[in-house]
$ cat upload.cif   # mmCIF, N, CA and C atoms and all ligand atoms
data_protein
loop_
_atom_site.label_atom_id
_atom_site.label_comp_id
_atom_site.auth_asym_id
_atom_site.auth_seq_id
_atom_site.Cartn_x
_atom_site.Cartn_y
_atom_site.Cartn_z
N MET A 63 83.31 108.02 73.14
CA MET A 63 84.10 107.07 73.90
C MET A 63 84.12 107.49 75.38
N GLU A 64 83.87 106.53 76.25
CA GLU A 64 83.85 106.84 77.68
C GLU A 64 85.27 106.87 78.25
N SER A 65 85.52 107.75 79.17
CA SER A 65 86.82 107.77 79.83
C SER A 65 86.70 107.10 81.20
N GLU A 66 87.77 106.52 81.64
CA GLU A 66 87.78 105.90 82.96
C GLU A 66 88.38 106.87 83.95
N ARG A 67 87.97 106.76 85.18
CA ARG A 67 88.46 107.67 86.22
C ARG A 67 89.65 107.04 86.94
N ASN A 68 90.69 106.82 86.20
CA ASN A 68 91.92 106.35 86.82
C ASN A 68 93.08 106.79 85.95
N GLY A 69 94.29 106.42 86.30
CA GLY A 69 95.44 106.85 85.52
C GLY A 69 95.95 108.20 86.00
N PRO A 70 96.99 108.71 85.35
CA PRO A 70 97.66 109.94 85.79
C PRO A 70 96.73 111.16 85.85
N ASP A 71 95.82 111.31 84.86
CA ASP A 71 94.94 112.47 84.87
C ASP A 71 94.06 112.50 86.10
N TYR A 72 93.59 111.32 86.53
CA TYR A 72 92.70 111.25 87.68
C TYR A 72 93.40 111.74 88.94
N ARG A 73 94.67 111.45 89.08
CA ARG A 73 95.41 111.88 90.27
C ARG A 73 95.50 113.40 90.37
N GLU A 74 95.46 114.07 89.24
CA GLU A 74 95.59 115.52 89.27
C GLU A 74 94.28 116.23 89.61
N GLU A 75 93.17 115.50 89.55
CA GLU A 75 91.90 116.12 89.89
C GLU A 75 91.83 116.32 91.39
N ARG A 76 91.10 117.35 91.78
CA ARG A 76 90.88 117.60 93.20
C ARG A 76 89.43 117.27 93.51
N VAL A 77 89.23 116.57 94.59
CA VAL A 77 87.89 116.20 94.99
C VAL A 77 87.28 117.37 95.75
N VAL A 78 86.07 117.73 95.38
CA VAL A 78 85.39 118.83 96.06
C VAL A 78 84.31 118.24 96.97
N GLU A 79 84.42 118.52 98.22
CA GLU A 79 83.42 118.10 99.18
C GLU A 79 82.74 119.34 99.73
N ARG A 80 81.62 119.15 100.37
CA ARG A 80 80.90 120.30 100.92
C ARG A 80 80.98 120.24 102.43
N GLU A 81 81.35 121.38 102.99
CA GLU A 81 81.45 121.49 104.43
C GLU A 81 80.21 122.24 104.93
N LYS A 82 79.61 121.71 105.98
CA LYS A 82 78.42 122.33 106.55
C LYS A 82 78.85 123.23 107.71
N ILE A 83 78.58 124.53 107.58
CA ILE A 83 78.97 125.48 108.60
C ILE A 83 77.72 125.94 109.35
N ALA A 84 77.66 125.68 110.64
CA ALA A 84 76.54 126.13 111.47
C ALA A 84 76.76 127.60 111.81
N VAL A 85 75.78 128.44 111.49
CA VAL A 85 75.98 129.88 111.67
C VAL A 85 75.01 130.52 112.66
N GLY A 86 74.12 129.75 113.24
CA GLY A 86 73.22 130.32 114.24
C GLY A 86 71.84 129.70 114.16
N ALA A 87 70.98 130.19 115.03
CA ALA A 87 69.62 129.69 115.09
C ALA A 87 68.72 130.53 114.17
N VAL A 88 67.67 129.90 113.69
CA VAL A 88 66.71 130.58 112.80
C VAL A 88 66.20 131.87 113.45
N GLY A 89 65.95 131.85 114.74
CA GLY A 89 65.40 133.01 115.43
C GLY A 89 66.38 134.15 115.62
N ASP A 90 67.65 133.92 115.31
CA ASP A 90 68.66 134.96 115.50
C ASP A 90 68.61 136.06 114.43
N LEU A 91 68.01 135.74 113.28
CA LEU A 91 67.99 136.70 112.17
C LEU A 91 66.54 137.02 111.80
N PRO A 92 66.06 138.21 112.15
CA PRO A 92 64.67 138.55 111.86
C PRO A 92 64.37 138.59 110.35
N VAL A 93 63.12 138.42 110.02
CA VAL A 93 62.67 138.50 108.63
C VAL A 93 63.02 139.86 108.05
N GLY A 94 63.54 139.85 106.82
CA GLY A 94 63.85 141.10 106.13
C GLY A 94 65.20 141.68 106.47
N ARG A 95 66.01 140.93 107.21
CA ARG A 95 67.31 141.44 107.64
C ARG A 95 68.43 140.61 107.06
N GLY A 96 69.62 141.23 107.05
CA GLY A 96 70.84 140.55 106.65
C GLY A 96 71.83 140.55 107.79
N ALA A 97 72.79 139.65 107.75
CA ALA A 97 73.82 139.57 108.79
C ALA A 97 75.12 139.09 108.14
N THR A 98 76.21 139.54 108.72
CA THR A 98 77.52 139.09 108.26
C THR A 98 77.88 137.78 108.95
N VAL A 99 78.38 136.84 108.17
CA VAL A 99 78.86 135.57 108.71
C VAL A 99 80.35 135.50 108.42
N GLU A 100 81.14 135.39 109.47
CA GLU A 100 82.59 135.27 109.31
C GLU A 100 82.99 133.80 109.39
N LEU A 101 83.69 133.34 108.37
CA LEU A 101 84.14 131.95 108.35
C LEU A 101 85.52 131.84 108.99
N SER A 102 85.88 130.64 109.38
CA SER A 102 87.16 130.44 110.08
C SER A 102 88.37 130.77 109.20
N ASN A 103 88.18 130.74 107.87
CA ASN A 103 89.30 131.06 106.98
C ASN A 103 89.39 132.56 106.67
N GLY A 104 88.55 133.36 107.33
CA GLY A 104 88.58 134.81 107.14
C GLY A 104 87.60 135.33 106.10
N ASP A 105 87.02 134.44 105.29
CA ASP A 105 86.02 134.89 104.32
C ASP A 105 84.77 135.37 105.05
N GLU A 106 84.03 136.25 104.39
CA GLU A 106 82.76 136.71 104.95
C GLU A 106 81.64 136.46 103.96
N LEU A 107 80.50 136.05 104.49
CA LEU A 107 79.31 135.87 103.68
C LEU A 107 78.22 136.78 104.23
N ALA A 108 77.24 137.05 103.39
CA ALA A 108 76.05 137.78 103.82
C ALA A 108 74.91 136.78 103.87
N LEU A 109 74.22 136.74 105.00
CA LEU A 109 73.09 135.83 105.20
C LEU A 109 71.82 136.67 105.32
N TYR A 110 70.75 136.26 104.63
CA TYR A 110 69.50 137.02 104.64
C TYR A 110 68.33 136.12 105.01
N ASN A 111 67.36 136.73 105.66
CA ASN A 111 66.09 136.07 105.95
C ASN A 111 65.02 136.76 105.11
N VAL A 112 64.54 136.06 104.10
CA VAL A 112 63.49 136.60 103.22
C VAL A 112 62.20 135.83 103.52
N GLY A 113 61.37 136.38 104.36
CA GLY A 113 60.09 135.74 104.67
C GLY A 113 60.23 134.36 105.27
N GLY A 114 61.30 134.13 106.02
CA GLY A 114 61.51 132.82 106.64
C GLY A 114 62.38 131.88 105.81
N GLN A 115 62.76 132.31 104.62
CA GLN A 115 63.71 131.55 103.80
C GLN A 115 65.07 132.22 103.96
N PHE A 116 66.11 131.40 104.04
CA PHE A 116 67.45 131.94 104.28
C PHE A 116 68.32 131.76 103.04
N PHE A 117 69.10 132.80 102.75
CA PHE A 117 69.98 132.79 101.57
C PHE A 117 71.33 133.36 101.97
N ALA A 118 72.38 132.87 101.32
CA ALA A 118 73.73 133.36 101.61
C ALA A 118 74.46 133.65 100.31
N VAL A 119 75.18 134.76 100.29
CA VAL A 119 76.00 135.15 99.14
C VAL A 119 77.32 135.71 99.66
N GLU A 120 78.25 135.94 98.74
CA GLU A 120 79.48 136.65 99.12
C GLU A 120 79.10 137.96 99.79
N ASN A 121 79.91 138.40 100.74
CA ASN A 121 79.53 139.62 101.45
C ASN A 121 79.97 140.90 100.75
N PHE A 122 81.00 140.84 99.93
CA PHE A 122 81.55 142.10 99.43
C PHE A 122 81.11 142.40 98.00
N CYS A 123 80.59 143.58 97.82
CA CYS A 123 80.10 144.03 96.52
C CYS A 123 81.27 144.09 95.53
N PRO A 124 81.09 143.54 94.32
CA PRO A 124 82.18 143.54 93.35
C PRO A 124 82.50 144.93 92.79
N HIS A 125 81.66 145.91 93.06
CA HIS A 125 81.95 147.26 92.56
C HIS A 125 83.08 147.90 93.36
N ARG A 126 82.85 148.19 94.63
CA ARG A 126 83.88 148.82 95.47
C ARG A 126 84.00 148.17 96.84
N GLY A 127 83.42 146.98 96.99
CA GLY A 127 83.68 146.20 98.20
C GLY A 127 82.81 146.48 99.41
N ALA A 128 81.73 147.20 99.25
CA ALA A 128 80.85 147.45 100.40
C ALA A 128 80.24 146.14 100.89
N PRO A 129 79.99 146.05 102.20
CA PRO A 129 79.40 144.81 102.74
C PRO A 129 77.93 144.68 102.37
N LEU A 130 77.62 143.63 101.63
CA LEU A 130 76.23 143.44 101.16
C LEU A 130 75.29 143.02 102.28
N ALA A 131 75.82 142.52 103.39
CA ALA A 131 74.97 142.18 104.53
C ALA A 131 74.28 143.42 105.08
N GLU A 132 74.88 144.58 104.82
CA GLU A 132 74.29 145.84 105.30
C GLU A 132 73.42 146.50 104.23
N GLY A 133 73.24 145.81 103.11
CA GLY A 133 72.45 146.36 102.02
C GLY A 133 70.97 146.41 102.35
N ILE A 134 70.23 147.04 101.47
CA ILE A 134 68.78 147.17 101.64
C ILE A 134 68.12 145.98 100.98
N LEU A 135 67.41 145.19 101.79
CA LEU A 135 66.79 143.97 101.29
C LEU A 135 65.33 144.23 100.96
N CYS A 136 64.95 143.92 99.72
CA CYS A 136 63.56 144.05 99.28
C CYS A 136 63.19 142.76 98.57
N GLU A 137 62.42 141.94 99.25
CA GLU A 137 62.14 140.58 98.79
C GLU A 137 63.45 139.86 98.50
N TYR A 138 63.68 139.38 97.28
CA TYR A 138 64.88 138.59 97.01
C TYR A 138 66.04 139.44 96.48
N THR A 139 65.88 140.75 96.52
CA THR A 139 66.92 141.64 95.99
C THR A 139 67.58 142.42 97.12
N VAL A 140 68.91 142.44 97.10
CA VAL A 140 69.63 143.30 98.03
C VAL A 140 70.29 144.40 97.22
N GLU A 141 70.18 145.62 97.75
CA GLU A 141 70.77 146.78 97.08
C GLU A 141 71.95 147.26 97.90
N CYS A 142 73.09 147.39 97.26
CA CYS A 142 74.31 147.83 97.93
C CYS A 142 74.13 149.24 98.50
N ILE A 143 74.63 149.43 99.71
CA ILE A 143 74.43 150.72 100.39
C ILE A 143 75.25 151.85 99.78
N LEU A 144 76.31 151.53 99.03
CA LEU A 144 77.14 152.62 98.52
C LEU A 144 76.64 153.23 97.22
N HIS A 145 76.45 152.40 96.20
CA HIS A 145 76.09 152.96 94.89
C HIS A 145 74.87 152.29 94.25
N GLY A 146 74.23 151.41 95.00
CA GLY A 146 72.94 150.91 94.56
C GLY A 146 72.93 149.71 93.62
N TRP A 147 74.07 149.08 93.41
CA TRP A 147 74.01 147.86 92.59
C TRP A 147 73.09 146.86 93.29
N GLN A 148 72.36 146.09 92.49
CA GLN A 148 71.40 145.15 93.04
C GLN A 148 71.77 143.72 92.68
N PHE A 149 71.48 142.81 93.63
CA PHE A 149 71.80 141.39 93.46
C PHE A 149 70.61 140.56 93.91
N ASP A 150 70.39 139.45 93.21
CA ASP A 150 69.38 138.47 93.63
C ASP A 150 70.04 137.56 94.65
N VAL A 151 69.54 137.57 95.89
CA VAL A 151 70.19 136.80 96.95
C VAL A 151 70.00 135.29 96.77
N ARG A 152 69.07 134.88 95.90
CA ARG A 152 68.88 133.44 95.67
C ARG A 152 69.96 132.87 94.79
N THR A 153 70.48 133.68 93.87
CA THR A 153 71.41 133.17 92.86
C THR A 153 72.75 133.90 92.83
N GLY A 154 72.81 135.09 93.40
CA GLY A 154 74.01 135.92 93.31
C GLY A 154 74.06 136.73 92.02
N LYS A 155 73.05 136.62 91.18
CA LYS A 155 73.05 137.35 89.91
C LYS A 155 72.98 138.85 90.17
N CYS A 156 73.87 139.56 89.51
CA CYS A 156 73.84 141.01 89.60
C CYS A 156 72.78 141.53 88.64
N LEU A 157 71.88 142.34 89.16
CA LEU A 157 70.77 142.86 88.35
C LEU A 157 71.12 144.22 87.74
N THR A 158 72.33 144.72 88.03
CA THR A 158 72.75 146.04 87.56
C THR A 158 73.76 145.92 86.41
N THR A 159 74.72 145.00 86.57
CA THR A 159 75.73 144.76 85.55
C THR A 159 75.88 143.25 85.40
N ASP A 160 76.99 142.82 84.81
CA ASP A 160 77.22 141.37 84.70
C ASP A 160 78.17 140.86 85.78
N ALA A 161 78.29 141.59 86.89
CA ALA A 161 79.22 141.23 87.97
C ALA A 161 78.53 140.35 89.01
N ASP A 162 78.21 139.12 88.61
CA ASP A 162 77.53 138.21 89.53
C ASP A 162 78.44 137.85 90.70
N ILE A 163 77.82 137.54 91.82
CA ILE A 163 78.56 137.08 92.99
C ILE A 163 78.15 135.65 93.29
N ARG A 164 78.87 135.03 94.17
CA ARG A 164 78.61 133.63 94.46
C ARG A 164 77.49 133.49 95.49
N ALA A 165 76.60 132.54 95.24
CA ALA A 165 75.54 132.21 96.20
C ALA A 165 75.85 130.84 96.80
N TYR A 166 75.47 130.65 98.03
CA TYR A 166 75.74 129.41 98.75
C TYR A 166 74.44 128.76 99.17
N GLU A 167 74.46 127.44 99.19
CA GLU A 167 73.27 126.72 99.62
C GLU A 167 73.12 126.84 101.14
N VAL A 168 71.90 127.07 101.57
CA VAL A 168 71.60 127.18 103.00
C VAL A 168 70.62 126.08 103.36
N GLU A 169 70.85 125.45 104.48
CA GLU A 169 69.98 124.37 104.93
C GLU A 169 69.59 124.64 106.38
N ILE A 170 68.33 124.37 106.68
CA ILE A 170 67.84 124.52 108.06
C ILE A 170 67.68 123.12 108.63
N GLU A 171 68.28 122.93 109.80
CA GLU A 171 68.25 121.61 110.42
C GLU A 171 68.01 121.80 111.92
N ASP A 172 66.89 121.31 112.40
CA ASP A 172 66.55 121.42 113.83
C ASP A 172 66.66 122.86 114.33
N GLY A 173 66.18 123.80 113.52
CA GLY A 173 66.18 125.20 113.93
C GLY A 173 67.52 125.90 113.79
N GLN A 174 68.51 125.20 113.27
CA GLN A 174 69.83 125.79 113.07
C GLN A 174 70.03 126.11 111.59
N ILE A 175 70.72 127.20 111.32
CA ILE A 175 71.03 127.59 109.95
C ILE A 175 72.43 127.05 109.62
N ASN A 176 72.51 126.30 108.54
CA ASN A 176 73.80 125.79 108.06
C ASN A 176 74.04 126.31 106.65
N ILE A 177 75.27 126.72 106.38
CA ILE A 177 75.66 127.12 105.03
C ILE A 177 76.62 126.06 104.51
N LEU A 178 76.39 125.64 103.27
CA LEU A 178 77.22 124.60 102.67
C LEU A 178 78.30 125.27 101.82
N ILE A 179 79.55 124.99 102.17
CA ILE A 179 80.71 125.61 101.53
C ILE A 179 81.51 124.51 100.85
N ASP A 180 81.99 124.78 99.64
CA ASP A 180 82.87 123.82 98.98
C ASP A 180 84.19 123.77 99.72
N ALA A 181 84.66 122.56 99.98
CA ALA A 181 85.95 122.37 100.62
C ALA A 181 86.80 121.50 99.71
N LYS A 182 87.90 122.03 99.22
CA LYS A 182 88.74 121.26 98.31
C LYS A 182 89.63 120.32 99.11
N VAL A 183 89.65 119.09 98.67
CA VAL A 183 90.43 118.06 99.34
C VAL A 183 91.38 117.45 98.32
N ASP A 184 92.62 117.29 98.69
CA ASP A 184 93.58 116.68 97.77
C ASP A 184 93.33 115.20 97.64
S1 LIG A 201 80.28 149.34 96.33
FE1 LIG A 201 78.43 148.35 95.88
S2 LIG A 201 77.56 149.48 94.27
FE2 LIG A 201 79.44 150.46 94.67
#
$ encode --input "upload.cif" --output "structure tokens"
Amino acid sequence: MESERNGPDYREERVVEREKIAVGAVGDLPVGRGATVELSNGDELALYNVGGQFFAVENFCPHRGAPLAEGILCEYTVECILHGWQFDVRTGKCLTTDADIRAYEVEIEDGQINILIDAKVD
């Protein structure tokens, strides 16, 4: 049976929209490097340039909170500088344990790097 999107239950749902955050020019981040991106709400993301492709994940390692933007990047894997946990920067999957982190969509538009962030709207 199909449900309709109206009535009391529908009012309680929150609409999720995506906010496009401009974080710099493509040339600002050299190939093989990571950088910290600070958002206006205080959150931090790690942005990486892997052979001209850009990826963004949460910045803080779920083990003890080290900044992953400072990690060692080897192709699509970043290794945490403190204890060596590894993450796939394309997906946020932790390759060491089951402590996955969040990955964000990155879009390049007219030479600018944009990160797409979920924005909850009432
Ligand atoms: S803080 Fe990252 S592996 Fe320990």
$ residues_near_point --input "upload.cif" --point "(63.5, 129.0, 109.8)" --cutoff "6.5 Å" --atoms "all atoms listed in the file" --output "list in words"
Val88, Gly89, Gly114, Gln115, Ile170 and Gly173 of chain A
$ residues_near_ligand --input "upload.cif" --ligand "ligand LIG 201 (chain A)" --cutoff "10 Å" --atoms "only C-alpha atoms and all ligand atoms" --output "list in words"
Phe122, Cys123, Pro124, His125, Arg126, Gly127, Ala128, Pro129, Leu130, Gly133, Glu141, Cys142, Ile143, Leu144, His145, Gly146, Trp147, Gln148, Phe149 and Thr158 of chain A
$ closest_residue --input "upload.cif" --among "A:Thr98, A:Lys82, A:Asn111, A:Val168" --to "Glu132 in chain A" --atoms "all atoms listed in the file"
A:Thr98
$ select_by_dssp --input "upload.cif" --residues "chain A" --states "alpha helix (DSSP H)" --output "list in words"
Pro70, Asp71, Tyr72, Arg73 and Glu74 of chain A
$ atom_distance --input "upload.cif" --atom1 "atom N of Gly96 in chain A" --atom2 "atom N of Leu135 in chain A"
6.9 Å
$ closest_residue --input "upload.cif" --among "A:Glu79, A:Asp150, A:Glu171, A:Glu137" --to "Val119 in chain A" --atoms "only C-alpha atoms"
A:Asp150
$ atom_distance --input "upload.cif" --atom1 "CA of Phe117 in chain A" --atom2 "CA of Glu167 in chain A"
7.2 Å
$ select_by_dssp --input "upload.cif" --residues "range 100-145 of chain A" --states "strand (DSSP E)" --output "PyMOL selection string"
chain A and resi 100+106-112+115-120+134-136+139-141
$ atom_distance --input "upload.cif" --atom1 "atom N of Val112 in chain A" --atom2 "CA of Asp162 in chain A"
19.6 Å
$ axis_aligned_box --input "upload.cif" --around "range 112-117 of chain A" --padding-each-side "8 Å" --output "AutoDock Vina command-line options"
--center_x 65.7 --center_y 134.0 --center_z 104.1 --size_x 27.2 --size_y 21.2 --size_z 21.1
$ decode --input "upload.cif" --residues "range 82-128 of chain A" --atoms "C-alpha atoms" --output "PDB file, in the first residue's frame"
ATOM      1  CA  LYS A  82      27.183  24.272  -1.605  1.00  0.00           C
ATOM      2  CA  ILE A  83      30.227  25.598   0.249  1.00  0.00           C
ATOM      3  CA  ALA A  84      32.959  27.234  -1.859  1.00  0.00           C
ATOM      4  CA  VAL A  85      36.303  26.358  -0.281  1.00  0.00           C
ATOM      5  CA  GLY A  86      38.901  27.663  -2.717  1.00  0.00           C
ATOM      6  CA  ALA A  87      40.391  27.354  -6.149  1.00  0.00           C
ATOM      7  CA  VAL A  88      41.593  24.081  -7.656  1.00  0.00           C
ATOM      8  CA  GLY A  89      45.141  25.467  -7.825  1.00  0.00           C
ATOM      9  CA  ASP A  90      45.210  26.181  -4.091  1.00  0.00           C
ATOM     10  CA  LEU A  91      45.664  22.521  -3.129  1.00  0.00           C
ATOM     11  CA  PRO A  92      48.573  20.674  -4.777  1.00  0.00           C
ATOM     12  CA  VAL A  93      48.237  17.063  -5.913  1.00  0.00           C
ATOM     13  CA  GLY A  94      48.827  14.581  -3.099  1.00  0.00           C
ATOM     14  CA  ARG A  95      48.073  17.056  -0.331  1.00  0.00           C
ATOM     15  CA  GLY A  96      45.342  17.560   2.233  1.00  0.00           C
ATOM     16  CA  ALA A  97      43.977  20.749   3.778  1.00  0.00           C
ATOM     17  CA  THR A  98      41.675  21.635   6.624  1.00  0.00           C
ATOM     18  CA  VAL A  99      38.401  23.318   5.704  1.00  0.00           C
ATOM     19  CA  GLU A 100      36.655  25.204   8.485  1.00  0.00           C
ATOM     20  CA  LEU A 101      32.911  25.626   8.083  1.00  0.00           C
ATOM     21  CA  SER A 102      30.951  28.584   9.429  1.00  0.00           C
ATOM     22  CA  ASN A 103      29.289  26.336  12.035  1.00  0.00           C
ATOM     23  CA  GLY A 104      32.684  25.372  13.489  1.00  0.00           C
ATOM     24  CA  ASP A 105      32.875  21.913  11.904  1.00  0.00           C
ATOM     25  CA  GLU A 106      36.085  20.953  10.142  1.00  0.00           C
ATOM     26  CA  LEU A 107      36.536  18.825   7.056  1.00  0.00           C
ATOM     27  CA  ALA A 108      39.633  17.401   5.427  1.00  0.00           C
ATOM     28  CA  LEU A 109      39.965  18.104   1.707  1.00  0.00           C
ATOM     29  CA  TYR A 110      42.375  16.090  -0.485  1.00  0.00           C
ATOM     30  CA  ASN A 111      43.690  16.350  -4.008  1.00  0.00           C
ATOM     31  CA  VAL A 112      44.302  12.855  -5.397  1.00  0.00           C
ATOM     32  CA  GLY A 113      45.736  13.221  -8.890  1.00  0.00           C
ATOM     33  CA  GLY A 114      43.475  16.178  -9.659  1.00  0.00           C
ATOM     34  CA  GLN A 115      40.369  14.632  -8.100  1.00  0.00           C
ATOM     35  CA  PHE A 116      39.125  16.243  -4.901  1.00  0.00           C
ATOM     36  CA  PHE A 117      37.609  14.443  -1.918  1.00  0.00           C
ATOM     37  CA  ALA A 118      36.338  15.623   1.459  1.00  0.00           C
ATOM     38  CA  VAL A 119      35.787  13.723   4.708  1.00  0.00           C
ATOM     39  CA  GLU A 120      35.361  14.546   8.383  1.00  0.00           C
ATOM     40  CA  ASN A 121      38.595  15.999   9.677  1.00  0.00           C
ATOM     41  CA  PHE A 122      38.884  14.266  13.036  1.00  0.00           C
ATOM     42  CA  CYS A 123      40.006  10.670  13.391  1.00  0.00           C
ATOM     43  CA  PRO A 124      37.448   8.601  15.340  1.00  0.00           C
ATOM     44  CA  HIS A 125      40.236   6.943  17.334  1.00  0.00           C
ATOM     45  CA  ARG A 126      41.694   9.889  19.294  1.00  0.00           C
ATOM     46  CA  GLY A 127      40.713  12.913  17.233  1.00  0.00           C
ATOM     47  CA  ALA A 128      43.858  13.667  15.253  1.00  0.00           C
TER      48      ALA A 128
END
